[in-house]
Each structure stands twice: as structure tokens, then as C-alpha cells.
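Q: This is the content of run-v2.cif (mmCIF, C-alpha atoms):
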```
data_upload
#
loop_
_atom_site.label_atom_id
_atom_site.label_comp_id
_atom_site.auth_asym_id
_atom_site.auth_seq_id
_atom_site.Cartn_x
_atom_site.Cartn_y
_atom_site.Cartn_z
CA MET A 1 -14.78 8.96 26.20
CA PHE A 2 -14.51 5.24 25.46
CA SER A 3 -18.11 5.10 24.26
CA GLU A 4 -16.74 6.77 21.12
CA LEU A 5 -14.13 4.01 20.64
CA PRO A 6 -15.57 2.57 17.37
CA LEU A 7 -15.84 6.06 15.85
CA ALA A 8 -12.26 6.86 16.87
CA LEU A 9 -11.04 3.57 15.36
CA CYS A 10 -12.99 4.29 12.17
CA THR A 11 -11.49 7.72 11.65
CA THR A 12 -8.00 6.52 12.60
CA PHE A 13 -7.80 3.58 10.22
CA SER A 14 -9.75 5.16 7.37
CA LEU A 15 -7.90 8.48 7.47
CA ILE A 16 -4.44 6.87 7.52
CA GLY A 17 -5.36 4.41 4.76
CA ALA A 18 -6.83 7.24 2.69
CA GLY A 19 -3.73 9.36 3.27
CA ALA A 20 -1.50 6.57 2.01
CA PHE A 21 -3.45 6.36 -1.25
CA MET A 22 -3.37 10.15 -1.61
CA VAL A 23 0.41 10.16 -1.24
CA LEU A 24 0.86 7.19 -3.59
CA ALA A 25 -1.28 8.90 -6.22
CA VAL A 26 0.95 12.00 -6.37
CA LEU A 27 4.35 10.32 -6.05
CA PRO A 28 6.69 10.54 -9.06
CA ASP A 29 6.30 7.27 -10.95
CA GLY A 30 9.94 7.05 -12.11
CA PRO A 31 11.20 4.53 -9.54
CA LEU A 32 7.93 2.61 -9.68
CA ARG A 33 8.54 1.73 -13.33
CA ARG A 34 11.17 -0.80 -12.32
CA PRO A 35 9.35 -4.16 -12.57
CA GLN A 36 10.60 -5.60 -9.27
CA VAL A 37 9.90 -2.40 -7.33
CA ARG A 38 6.47 -2.04 -8.89
CA GLY A 39 5.60 -5.62 -8.01
CA ASN A 40 6.68 -5.12 -4.41
CA VAL A 41 4.69 -1.89 -4.06
CA ASP A 42 1.63 -3.54 -5.58
CA VAL A 43 1.73 -6.30 -2.97
CA LEU A 44 2.33 -3.82 -0.13
CA CYS A 45 -0.72 -1.76 -1.22
CA ILE A 46 -2.68 -4.35 0.74
CA MET A 47 -1.67 -2.45 3.91
CA PRO A 48 -3.50 0.85 3.22
CA CYS A 49 -6.34 -1.11 1.63
CA LEU A 50 -6.71 -3.15 4.83
CA ALA A 51 -6.67 0.04 6.91
CA VAL A 52 -9.52 1.51 4.85
CA VAL A 53 -11.58 -1.69 5.08
CA LEU A 54 -11.01 -1.93 8.85
CA GLY A 55 -12.07 1.69 9.21
CA LEU A 56 -15.27 0.99 7.28
CA ALA A 57 -15.99 -2.02 9.49
CA ALA A 58 -15.44 0.08 12.62
CA ALA A 59 -17.82 2.71 11.22
CA PHE A 60 -20.50 0.06 10.73
CA PHE A 61 -20.30 -0.98 14.38
CA GLY A 62 -19.83 2.59 15.58
CA PHE A 63 -23.05 3.87 14.05
CA GLN A 64 -25.03 1.08 15.67
CA ASP A 65 -24.37 2.75 19.04
CA GLN A 66 -26.34 5.70 20.35
CA SER A 67 -23.27 7.60 21.58
CA THR A 68 -23.24 11.37 21.88
CA ALA A 69 -20.89 11.84 18.92
CA VAL A 70 -23.03 9.66 16.66
CA ALA A 71 -26.16 11.56 17.73
CA SER A 72 -24.43 14.86 16.93
CA LEU A 73 -23.30 13.65 13.52
CA ARG A 74 -26.84 12.51 12.72
CA GLY A 75 -28.20 15.95 13.63
CA HIS A 76 -27.89 18.99 11.38
CA GLY A 77 -24.80 17.41 9.85
CA GLY A 78 -26.78 14.44 8.52
CA ALA A 79 -26.29 15.33 4.85
CA ALA A 80 -22.54 15.70 5.29
CA LEU A 81 -22.49 12.42 7.21
CA VAL A 82 -24.16 10.64 4.29
CA LEU A 83 -21.56 12.13 1.94
CA ALA A 84 -18.74 10.91 4.21
CA ALA A 85 -20.28 7.43 4.45
CA VAL A 86 -20.70 7.19 0.68
CA ALA A 87 -17.14 8.42 0.14
CA ASP A 88 -15.87 5.82 2.62
CA VAL A 89 -17.70 2.98 0.85
CA LEU A 90 -16.53 4.15 -2.58
CA LEU A 91 -12.94 4.46 -1.33
CA ALA A 92 -13.01 0.95 0.18
CA CYS A 93 -14.43 -0.55 -3.02
CA ALA A 94 -11.94 1.30 -5.23
CA ALA A 95 -9.00 0.36 -2.97
CA VAL A 96 -9.94 -3.33 -3.02
CA ALA A 97 -10.47 -3.21 -6.79
CA TYR A 98 -7.08 -1.55 -7.27
CA CYS A 99 -5.27 -4.14 -5.14
CA LEU A 100 -6.96 -7.01 -6.97
CA CYS A 101 -6.27 -5.44 -10.35
CA VAL A 102 -2.54 -4.82 -9.85
CA ASN A 103 -1.85 -8.10 -8.06
CA PHE A 104 -3.98 -10.54 -10.03
CA GLY A 105 -4.79 -8.70 -13.25
CA LYS A 106 -2.65 -7.61 -16.20
CA ALA A 107 -3.52 -3.95 -16.43
CA ALA A 108 -1.28 -1.76 -18.59
CA GLU A 109 0.90 0.82 -16.82
CA GLY A 110 -1.29 3.70 -18.02
CA TRP A 111 -4.48 2.11 -16.71
CA ARG A 112 -2.74 1.20 -13.48
CA ARG A 113 -1.69 4.81 -12.84
CA ALA A 114 -5.14 6.09 -13.81
CA LEU A 115 -6.83 3.71 -11.37
CA LEU A 116 -4.43 4.73 -8.60
CA ARG A 117 -5.24 8.39 -9.21
CA VAL A 118 -8.96 7.62 -9.03
CA VAL A 119 -8.39 5.96 -5.65
CA GLY A 120 -6.32 8.98 -4.58
CA VAL A 121 -9.14 11.38 -5.53
CA LEU A 122 -11.69 9.27 -3.63
CA ALA A 123 -9.32 9.23 -0.65
CA ALA A 124 -9.08 13.04 -0.69
CA LEU A 125 -12.87 13.27 -1.04
CA PHE A 126 -13.32 11.00 1.98
CA ALA A 127 -10.87 12.98 4.14
CA CYS A 128 -12.60 16.26 3.27
CA ALA A 129 -16.11 14.83 3.66
CA SER A 130 -15.25 13.40 7.08
CA GLY A 131 -14.05 16.79 8.24
CA LEU A 132 -17.14 18.53 6.88
CA ALA A 133 -19.45 15.98 8.55
CA HIS A 134 -17.96 16.85 11.93
CA LEU A 135 -17.88 20.57 11.15
CA ALA A 136 -21.59 20.56 10.25
CA ALA A 137 -22.62 18.70 13.42
CA PRO A 138 -24.49 20.78 16.07
CA GLU A 139 -21.56 20.67 18.48
CA PRO A 140 -19.93 24.05 19.27
CA SER A 141 -16.52 22.57 20.07
CA TRP A 142 -16.32 21.07 16.55
CA ALA A 143 -17.62 24.14 14.71
CA THR A 144 -14.23 25.45 13.67
CA LEU A 145 -12.12 25.22 10.52
CA ALA A 146 -9.53 23.41 12.62
CA THR A 147 -11.76 20.30 12.58
CA PRO A 148 -11.43 19.40 8.86
CA LEU A 149 -7.85 20.70 8.71
CA GLN A 150 -6.65 18.46 11.54
CA MET A 151 -8.34 15.42 9.98
CA LEU A 152 -6.62 16.12 6.66
CA GLY A 153 -3.35 16.56 8.52
CA PHE A 154 -3.72 13.25 10.37
CA SER A 155 -4.44 11.58 7.04
CA LEU A 156 -1.34 13.01 5.34
CA LEU A 157 1.05 12.41 8.23
CA GLY A 158 -0.06 8.85 8.99
CA GLY A 159 -0.46 8.03 5.31
CA SER A 160 2.98 9.31 4.34
CA ALA A 161 4.55 7.25 7.15
CA LEU A 162 2.80 4.14 5.84
CA VAL A 163 3.96 4.86 2.28
CA THR A 164 7.53 5.40 3.56
CA LEU A 165 7.41 1.93 5.12
CA MET A 166 6.02 0.45 1.89
CA LEU A 167 8.65 2.05 -0.33
CA GLU A 168 11.47 1.14 2.04
CA LYS A 169 10.45 -2.52 1.98
CA ALA A 170 10.00 -2.35 -1.80
CA GLY A 171 13.45 -0.84 -2.36
CA ALA A 172 12.14 2.40 -3.86
CA LEU A 173 13.19 4.87 -1.19
CA ASP A 174 16.42 5.86 -2.96
CA ASP A 175 14.92 8.37 -5.40
CA PRO A 176 15.41 12.06 -4.43
CA SER A 177 12.06 13.15 -5.90
CA VAL A 178 10.23 10.47 -3.91
CA LYS A 179 12.02 11.51 -0.72
CA ARG A 180 11.12 15.14 -1.34
CA SER A 181 7.43 14.32 -1.92
CA LEU A 182 7.24 12.20 1.23
CA THR A 183 8.93 14.92 3.29
CA VAL A 184 6.50 17.58 2.06
CA ALA A 185 3.49 15.36 2.81
CA ALA A 186 4.78 14.53 6.30
CA VAL A 187 5.58 18.13 7.24
CA LEU A 188 2.30 19.44 5.84
CA GLY A 189 0.41 16.70 7.66
CA ALA A 190 2.16 17.47 10.96
CA VAL A 191 1.47 21.21 10.66
CA LEU A 192 -2.21 20.72 9.80
CA GLY A 193 -2.79 17.87 12.23
CA ILE A 194 -0.99 19.10 15.33
CA GLY A 195 -1.65 22.77 14.58
CA GLY A 196 -5.34 22.21 13.85
CA PHE A 197 -5.88 20.13 16.97
CA SER A 198 -3.99 22.64 19.13
CA ALA A 199 -6.15 25.45 17.75
CA GLN A 200 -9.28 23.48 18.61
CA VAL A 201 -8.05 22.82 22.16
CA LEU A 202 -7.36 26.54 22.65
CA ALA A 203 -10.81 27.43 21.32
CA VAL A 204 -12.57 24.87 23.54
CA SER A 205 -10.62 26.09 26.59
CA GLY A 206 -12.24 29.49 26.23
CA MET A 207 -15.78 28.18 25.77
CA THR A 208 -18.51 27.79 28.35
CA GLY A 209 -21.60 25.64 27.89
CA ALA A 210 -24.54 24.30 29.86
CA ALA A 211 -22.32 21.39 30.94
CA GLY A 212 -19.63 23.68 32.34
CA ALA A 213 -16.33 25.20 31.26
CA GLY A 214 -14.46 23.95 28.22
CA ALA A 215 -11.24 24.06 30.21
CA ASP A 216 -12.60 21.19 32.30
CA LEU A 217 -13.13 19.09 29.16
CA VAL A 218 -9.57 19.78 28.04
CA ARG A 219 -8.24 18.89 31.49
CA ALA A 220 -10.13 15.58 31.47
CA ALA A 221 -8.66 14.65 28.08
CA SER A 222 -5.16 16.00 28.79
CA MET A 223 -3.51 12.58 29.00
CA HIS A 224 -4.79 11.50 25.58
CA ILE A 225 -3.86 14.90 24.14
CA ALA A 226 -0.29 14.71 25.48
CA VAL A 227 0.27 11.12 24.32
CA GLY A 228 -1.25 11.85 20.91
CA ILE A 229 0.88 14.92 20.22
CA ILE A 230 4.06 13.20 21.42
CA CYS A 231 3.35 10.22 19.16
CA LEU A 232 2.68 12.41 16.12
CA VAL A 233 5.91 14.33 16.69
CA ALA A 234 7.67 10.95 16.94
CA THR A 235 6.00 9.93 13.66
CA LEU A 236 7.44 12.97 11.90
CA VAL A 237 10.91 12.48 13.40
CA PHE A 238 11.19 8.76 12.68
CA GLU A 239 9.73 9.16 9.20
CA ALA A 240 12.34 11.84 8.45
CA MET A 241 15.04 9.49 9.73
CA ALA A 242 13.76 6.67 7.51
CA ILE A 243 13.73 9.00 4.49
CA ARG A 244 17.11 10.64 5.06
CA MET A 245 19.26 7.85 6.50
CA LYS A 246 21.02 5.46 4.14
CA GLU A 247 20.99 2.60 6.62
CA LYS A 248 17.72 0.72 6.82
CA GLY A 249 16.30 0.10 10.27
CA PHE A 250 13.07 0.13 12.16
CA HIS A 251 12.52 3.88 11.80
CA SER A 252 9.64 3.53 9.33
CA VAL A 253 7.98 0.83 11.44
CA ILE A 254 8.17 3.05 14.54
CA ALA A 255 6.82 5.98 12.49
CA VAL A 256 3.78 3.97 11.38
CA ALA A 257 3.10 2.59 14.87
CA SER A 258 3.44 6.06 16.41
CA GLY A 259 1.15 7.47 13.74
CA PHE A 260 -1.65 5.03 14.47
CA VAL A 261 -1.36 5.49 18.24
CA GLY A 262 -1.09 9.29 17.98
CA VAL A 263 -4.06 9.72 15.64
CA PHE A 264 -6.15 7.31 17.72
CA CYS A 265 -5.41 9.19 20.97
CA LEU A 266 -6.24 12.56 19.43
CA ARG A 267 -9.43 11.21 17.86
CA LEU A 268 -10.50 9.94 21.28
CA ALA A 269 -9.65 13.33 22.77
CA PHE A 270 -11.55 15.06 19.95
CA TYR A 271 -14.75 13.19 20.81
CA ALA A 272 -14.20 13.91 24.49
CA LEU A 273 -14.17 17.66 23.78
CA GLN A 274 -17.92 17.97 23.26
CA PHE A 275 -20.26 19.89 25.51
CA ALA A 276 -23.20 17.66 24.56
CA GLY A 277 -21.32 14.62 25.85
CA ALA A 278 -20.54 16.36 29.13
CA ALA A 279 -24.09 17.38 29.78
#
```
Output the file's structure as C-alpha cells, nothing else.

A:
Amino acid sequence: MFSELPLALCTTFSLIGAGAFMVLAVLPDGPLRRPQVRGNVDVLCIMPCLAVVLGLAAAFFGFQDQSTAVASLRGHGGAALVLAAVADVLLACAAVAYCLCVNFGKAAEGWRRALLRVVGVLAALFACASGLAHLAAPEPSWATLATPLQMLGFSLLGGSALVTLMLEKAGALDDPSVKRSLTVAAVLGAVLGIGGFSAQVLAVSGMTGAAGAGADLVRAASMHIAVGIICLVATLVFEAMAIRMKEKGFHSVIAVASGFVGVFCLRLAFYALQFAGAA
């Protein structure tokens, strides 16, 4: 399982960073027009940008290894893997350019919003391409629609938690439309992420391959699965508390930390649920 550590780190950091930019791109821009709030959010955009860059760095090291997951992704899913890699590089470049532009440049508000939406589109492209790359790999346990759906869900849930933390620190979490958008993103992410992963686990449990029964793979990864699901539920709960409660606390920080740990554990479990790796 731990041979897939760089790949799990890559998908964890990159998906959450991408999700944050997706959520930022669709948020109502009313509260962000206040100069002080906008300046704070611009500085805090370094956090999702750093997550994307760290994910790209982990991918570079991950694909140097000859692990089972990397071999599977380089198989019949090679074309989709190239698309995911290109999308990841484009997203990292656009995210860095956006952070530099808004923090050190003097871009007009219209250009600033347009650039953020471009980053958001690239983030969505990366999340979808990553899911398709795994779906296209010659691994029966990944060949289900639950694979791209859970990755999109992880991205939205972890990303919305990170944006909640950013807006809370920036003083922009008092707008009802912003709260509503964050809540929708978090709930949708939790449903897709936890639901998609649960569907995959159920499907793998009923499979049988040359390496043995899928139920044995699920049993071996049960600790990571349990911790991951508990952490993602905690992410949703603490994010909702941060959004709904008037008093500021550490709810958003706990939500972000739980999100990273939960997604990481489930990504590790995901790579453990492969018959090729058990052979």
C-alpha cells in the first residue's frame, strides 16, 4: 500500500487545491468587492496554489517509481494519463500566475475575475481528467463510474473546506449567498466522495481475480477506509459549523485538517484495492 504513497499525496494535494479554485471561481463576488476583503483573499489564495504545486511535485516523484498503480496508469489508460498530467501542469502554472497577478500586479477587477474563472475551469478539467485516467487503466477494481465521481467529490469537499477557512480569515464569511454556495459544494462533495468510494468498495467486495477475493483486499484496507470516511464526515460537520456559527473558532481549521487526512487515507485505500497489486 505504501509504495503508492507519492501517488496518494499527489491526488490528495492536487485535488483539494483544484477544488478550492473551483469553488472560488463560482462564488458570488459581492463580498469580495470590498477592498480589504479582496486583498485578504488574494493573499490567502497562496494556500490552494501551494497545494496544487505540492501535488505536482509529488506526481513527479511518484511516476519515477515502478509501482503497480503507476504501471496500470501507463497501460491502456496512457492517453488519459497524459491528459491528466497536462491538465495538472496547466493548473499549477495558471494558479501561480493568478497568485502573482493579484498580489503583485494591478489587474482590473474584470480581468481578475476572468483569470480566476480560467483557473477554475482548468481545476475542473484536472479533476475530471484524473478520474478518467484511473477509469481507463486496465484495473478491474477501478473500472467503475464511482472512480471519477469520488475524485470529484474529494476535490469539492476538501476544496470547499479550504475556501471556508480562507474566507473566515479574510472576514468574508458573513454573506448569505457565500454561505449557501459553500454548503452546496460541501454537501455535494461529501455525497460524491463518500458515496462513490462506498460504491467502489461494495463492487470490489463482490469481485474475484487471479490474486484472490476482492473482500480480502477490502479487509486489508479496512483501517484506512474507516479513518478516511470518519475524517470526511468530520470535515463536513466542522465546515458546516464554521459556516453557520457566528462565533469564530477552530472549526474551519479542523475541517481542512480532517479533509486532507480523510482524502489521503481513502486515496491510499483506493490504490490498495487493485487486483494487479495483490498478485

Q: Go through the shown structure with the PyMOL selection byres ((chain A and resi 225) around 9) and write out the matching residues as a list in words.

A: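 Applied to this file, the PyMOL selection byres ((chain A and resi 225) around 9) returns Val218, Ala221, Ser222, Met223, His224, Ala226, Val227, Gly228, Ile229, Ile230, Gly262, Cys265, Leu266, Leu268, Ala269 and Phe270 of chain A.
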
Q: Considering only C-alpha atoms, can you say which of A:Leu116, A:Cys10, A:Ala213, A:Ala127 comes closest to A:Val26?

A: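 Looking only at the distances to A:Val26, the closest residue turns out to be A:Leu116.
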
Q: If you take only C-alpha atoms and a cut-off of 8 Å, which residues of stretch 93-183 of chain A touch stretch 249-256 of chain A, and what are their nearest atom pairs and distances in Å to one decimal, in chain and number order, as a tab-separated table?

A:
```
residue	atom	partner	partner_atom	distance
A:Gly158	CA	A:Val256	CA	6.7
A:Ala161	CA	A:Val256	CA	5.4
A:Leu162	CA	A:Val256	CA	5.6
A:Thr164	CA	A:Ser252	CA	6.4
A:Leu165	CA	A:Ser252	CA	5.0
A:Glu168	CA	A:Ser252	CA	7.9
```

Q: I'd like the neighbourhood of A:Leu56 as an MDAnalysis selection string, where a residue qualifies if any of its atoms comes within 12 Å (using only C-alpha atoms), though same-chain residues fewer than 3 positions away should be ignored.

A: chainID A and resid 6:15 17:18 49:53 59:63 84:93 126

Q: Suppose you want the space between atom CA of A:Met22 and atom CA of A:Leu156; what is it in Å?

A: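 If I compute the distance from atom CA of A:Met22 to atom CA of A:Leu156, I get 7.8 Å.
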
Q: Can you list, as a compact mmCIF listing (two decimals) with C-alpha atoms, keeping the file's coordinate frame, the residues that the PyMOL selection byres ((chain A and resi 175-178) around 9) selects here?

A:
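Result went into out21.txt, see below:
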```txt
# COMPACT_ATOMS: atom_id res chain seq x y z
CA LEU A 27 4.35 10.32 -6.05
CA PRO A 28 6.69 10.54 -9.06
CA ASP A 29 6.30 7.27 -10.95
CA GLY A 30 9.94 7.05 -12.11
CA PRO A 31 11.20 4.53 -9.54
CA ALA A 172 12.14 2.40 -3.86
CA LEU A 173 13.19 4.87 -1.19
CA ASP A 174 16.42 5.86 -2.96
CA LYS A 179 12.02 11.51 -0.72
CA ARG A 180 11.12 15.14 -1.34
CA SER A 181 7.43 14.32 -1.92
CA LEU A 182 7.24 12.20 1.23
CA THR A 183 8.93 14.92 3.29
```

Q: Which residues, written as an MDAnalysis selection string, have at least one atom at most 7 Å from A:Val119, with all atoms listed in the file counted and residues fewer than 3 positions away on the same chain left out?

A: chainID A and resid 21 91 94:95 115:116 122:123

Q: Given the selection you just returned, output its residues as a file containing C-alpha atoms, formatted as a short mmCIF file (atom, residue, chain, number, x, y, z; two decimals), in the frame of the given file.

A:
```
data_model
loop_
_atom_site.label_atom_id
_atom_site.label_comp_id
_atom_site.auth_asym_id
_atom_site.auth_seq_id
_atom_site.Cartn_x
_atom_site.Cartn_y
_atom_site.Cartn_z
CA PHE A 21 -3.45 6.36 -1.25
CA LEU A 91 -12.94 4.46 -1.33
CA ALA A 94 -11.94 1.30 -5.23
CA ALA A 95 -9.00 0.36 -2.97
CA LEU A 115 -6.83 3.71 -11.37
CA LEU A 116 -4.43 4.73 -8.60
CA LEU A 122 -11.69 9.27 -3.63
CA ALA A 123 -9.32 9.23 -0.65
#
```

Q: Using only C-alpha atoms, which residue out of A:Ala215, A:Leu149, A:Val184, A:Leu232 lies closest to A:Ala199?

A: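 So, comparing all the options, the nearest one is A:Leu149.
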
Q: Go through A:His134, A:Arg267, A:Lys106, A:Lys169 and flag the residue nearest A:Lys248, using all atoms listed in the file for the distances.

A: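 Once distances to A:Lys248 are computed over all atoms listed in the file, the minimum belongs to A:Lys169.
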
Q: What's the separation between atom CA of A:Asp216 and atom CA of A:Leu273, in Å to one decimal place?

A: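 Interatomic distance here is 9.4 Å.
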
Q: What does the distance between atom CA of A:Val163 and atom CA of A:Thr147 come to in Å, to one decimal place?

A: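 Atom CA of A:Val163 sits 24.3 Å away from atom CA of A:Thr147.
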
Q: For the PyMOL selection byres ((chain A and resi 38) around 12), applied here, can you spell out every residue it catches as a tab-separated table (two decimals) with C-alpha atoms, keeping the file's coordinate frame?

A:
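Below you can see expr-v1.tsv, which holds the result:
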```
chain	number	residue	atom	x	y	z
A	29	ASP	CA	6.30	7.27	-10.95
A	30	GLY	CA	9.94	7.05	-12.11
A	31	PRO	CA	11.20	4.53	-9.54
A	32	LEU	CA	7.93	2.61	-9.68
A	33	ARG	CA	8.54	1.73	-13.33
A	34	ARG	CA	11.17	-0.80	-12.32
A	35	PRO	CA	9.35	-4.16	-12.57
A	36	GLN	CA	10.60	-5.60	-9.27
A	37	VAL	CA	9.90	-2.40	-7.33
A	39	GLY	CA	5.60	-5.62	-8.01
A	40	ASN	CA	6.68	-5.12	-4.41
A	41	VAL	CA	4.69	-1.89	-4.06
A	42	ASP	CA	1.63	-3.54	-5.58
A	43	VAL	CA	1.73	-6.30	-2.97
A	44	LEU	CA	2.33	-3.82	-0.13
A	45	CYS	CA	-0.72	-1.76	-1.22
A	102	VAL	CA	-2.54	-4.82	-9.85
A	103	ASN	CA	-1.85	-8.10	-8.06
A	109	GLU	CA	0.90	0.82	-16.82
A	112	ARG	CA	-2.74	1.20	-13.48
A	113	ARG	CA	-1.69	4.81	-12.84
A	166	MET	CA	6.02	0.45	1.89
A	167	LEU	CA	8.65	2.05	-0.33
A	169	LYS	CA	10.45	-2.52	1.98
A	170	ALA	CA	10.00	-2.35	-1.80
A	171	GLY	CA	13.45	-0.84	-2.36
A	172	ALA	CA	12.14	2.40	-3.86
```

Q: For each of A:Gly55, A:Met207, A:Leu202, A:Leu83, take the minimum atom-to-atom distance to A:Ala133, counting all atoms listed in the file, then give the residue where this is smallest.

A: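 Closest residue, counting all atoms listed in the file: A:Leu83.
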
Q: Between A:Val23, A:Ile16, A:Val82, A:Val237, single out the one closest to A:Val261, counting all atoms listed in the file.

A: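 Of the candidates, the smallest distance to A:Val261 is held by A:Ile16.
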
Q: When distances are computed from only C-alpha atoms, which of A:Ala136, A:Ile243, A:Ile46, A:Val201 shows the smallest separation from A:Ala272?

A: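 Checking each candidate against A:Ala272, we get A:Val201 as the closest.
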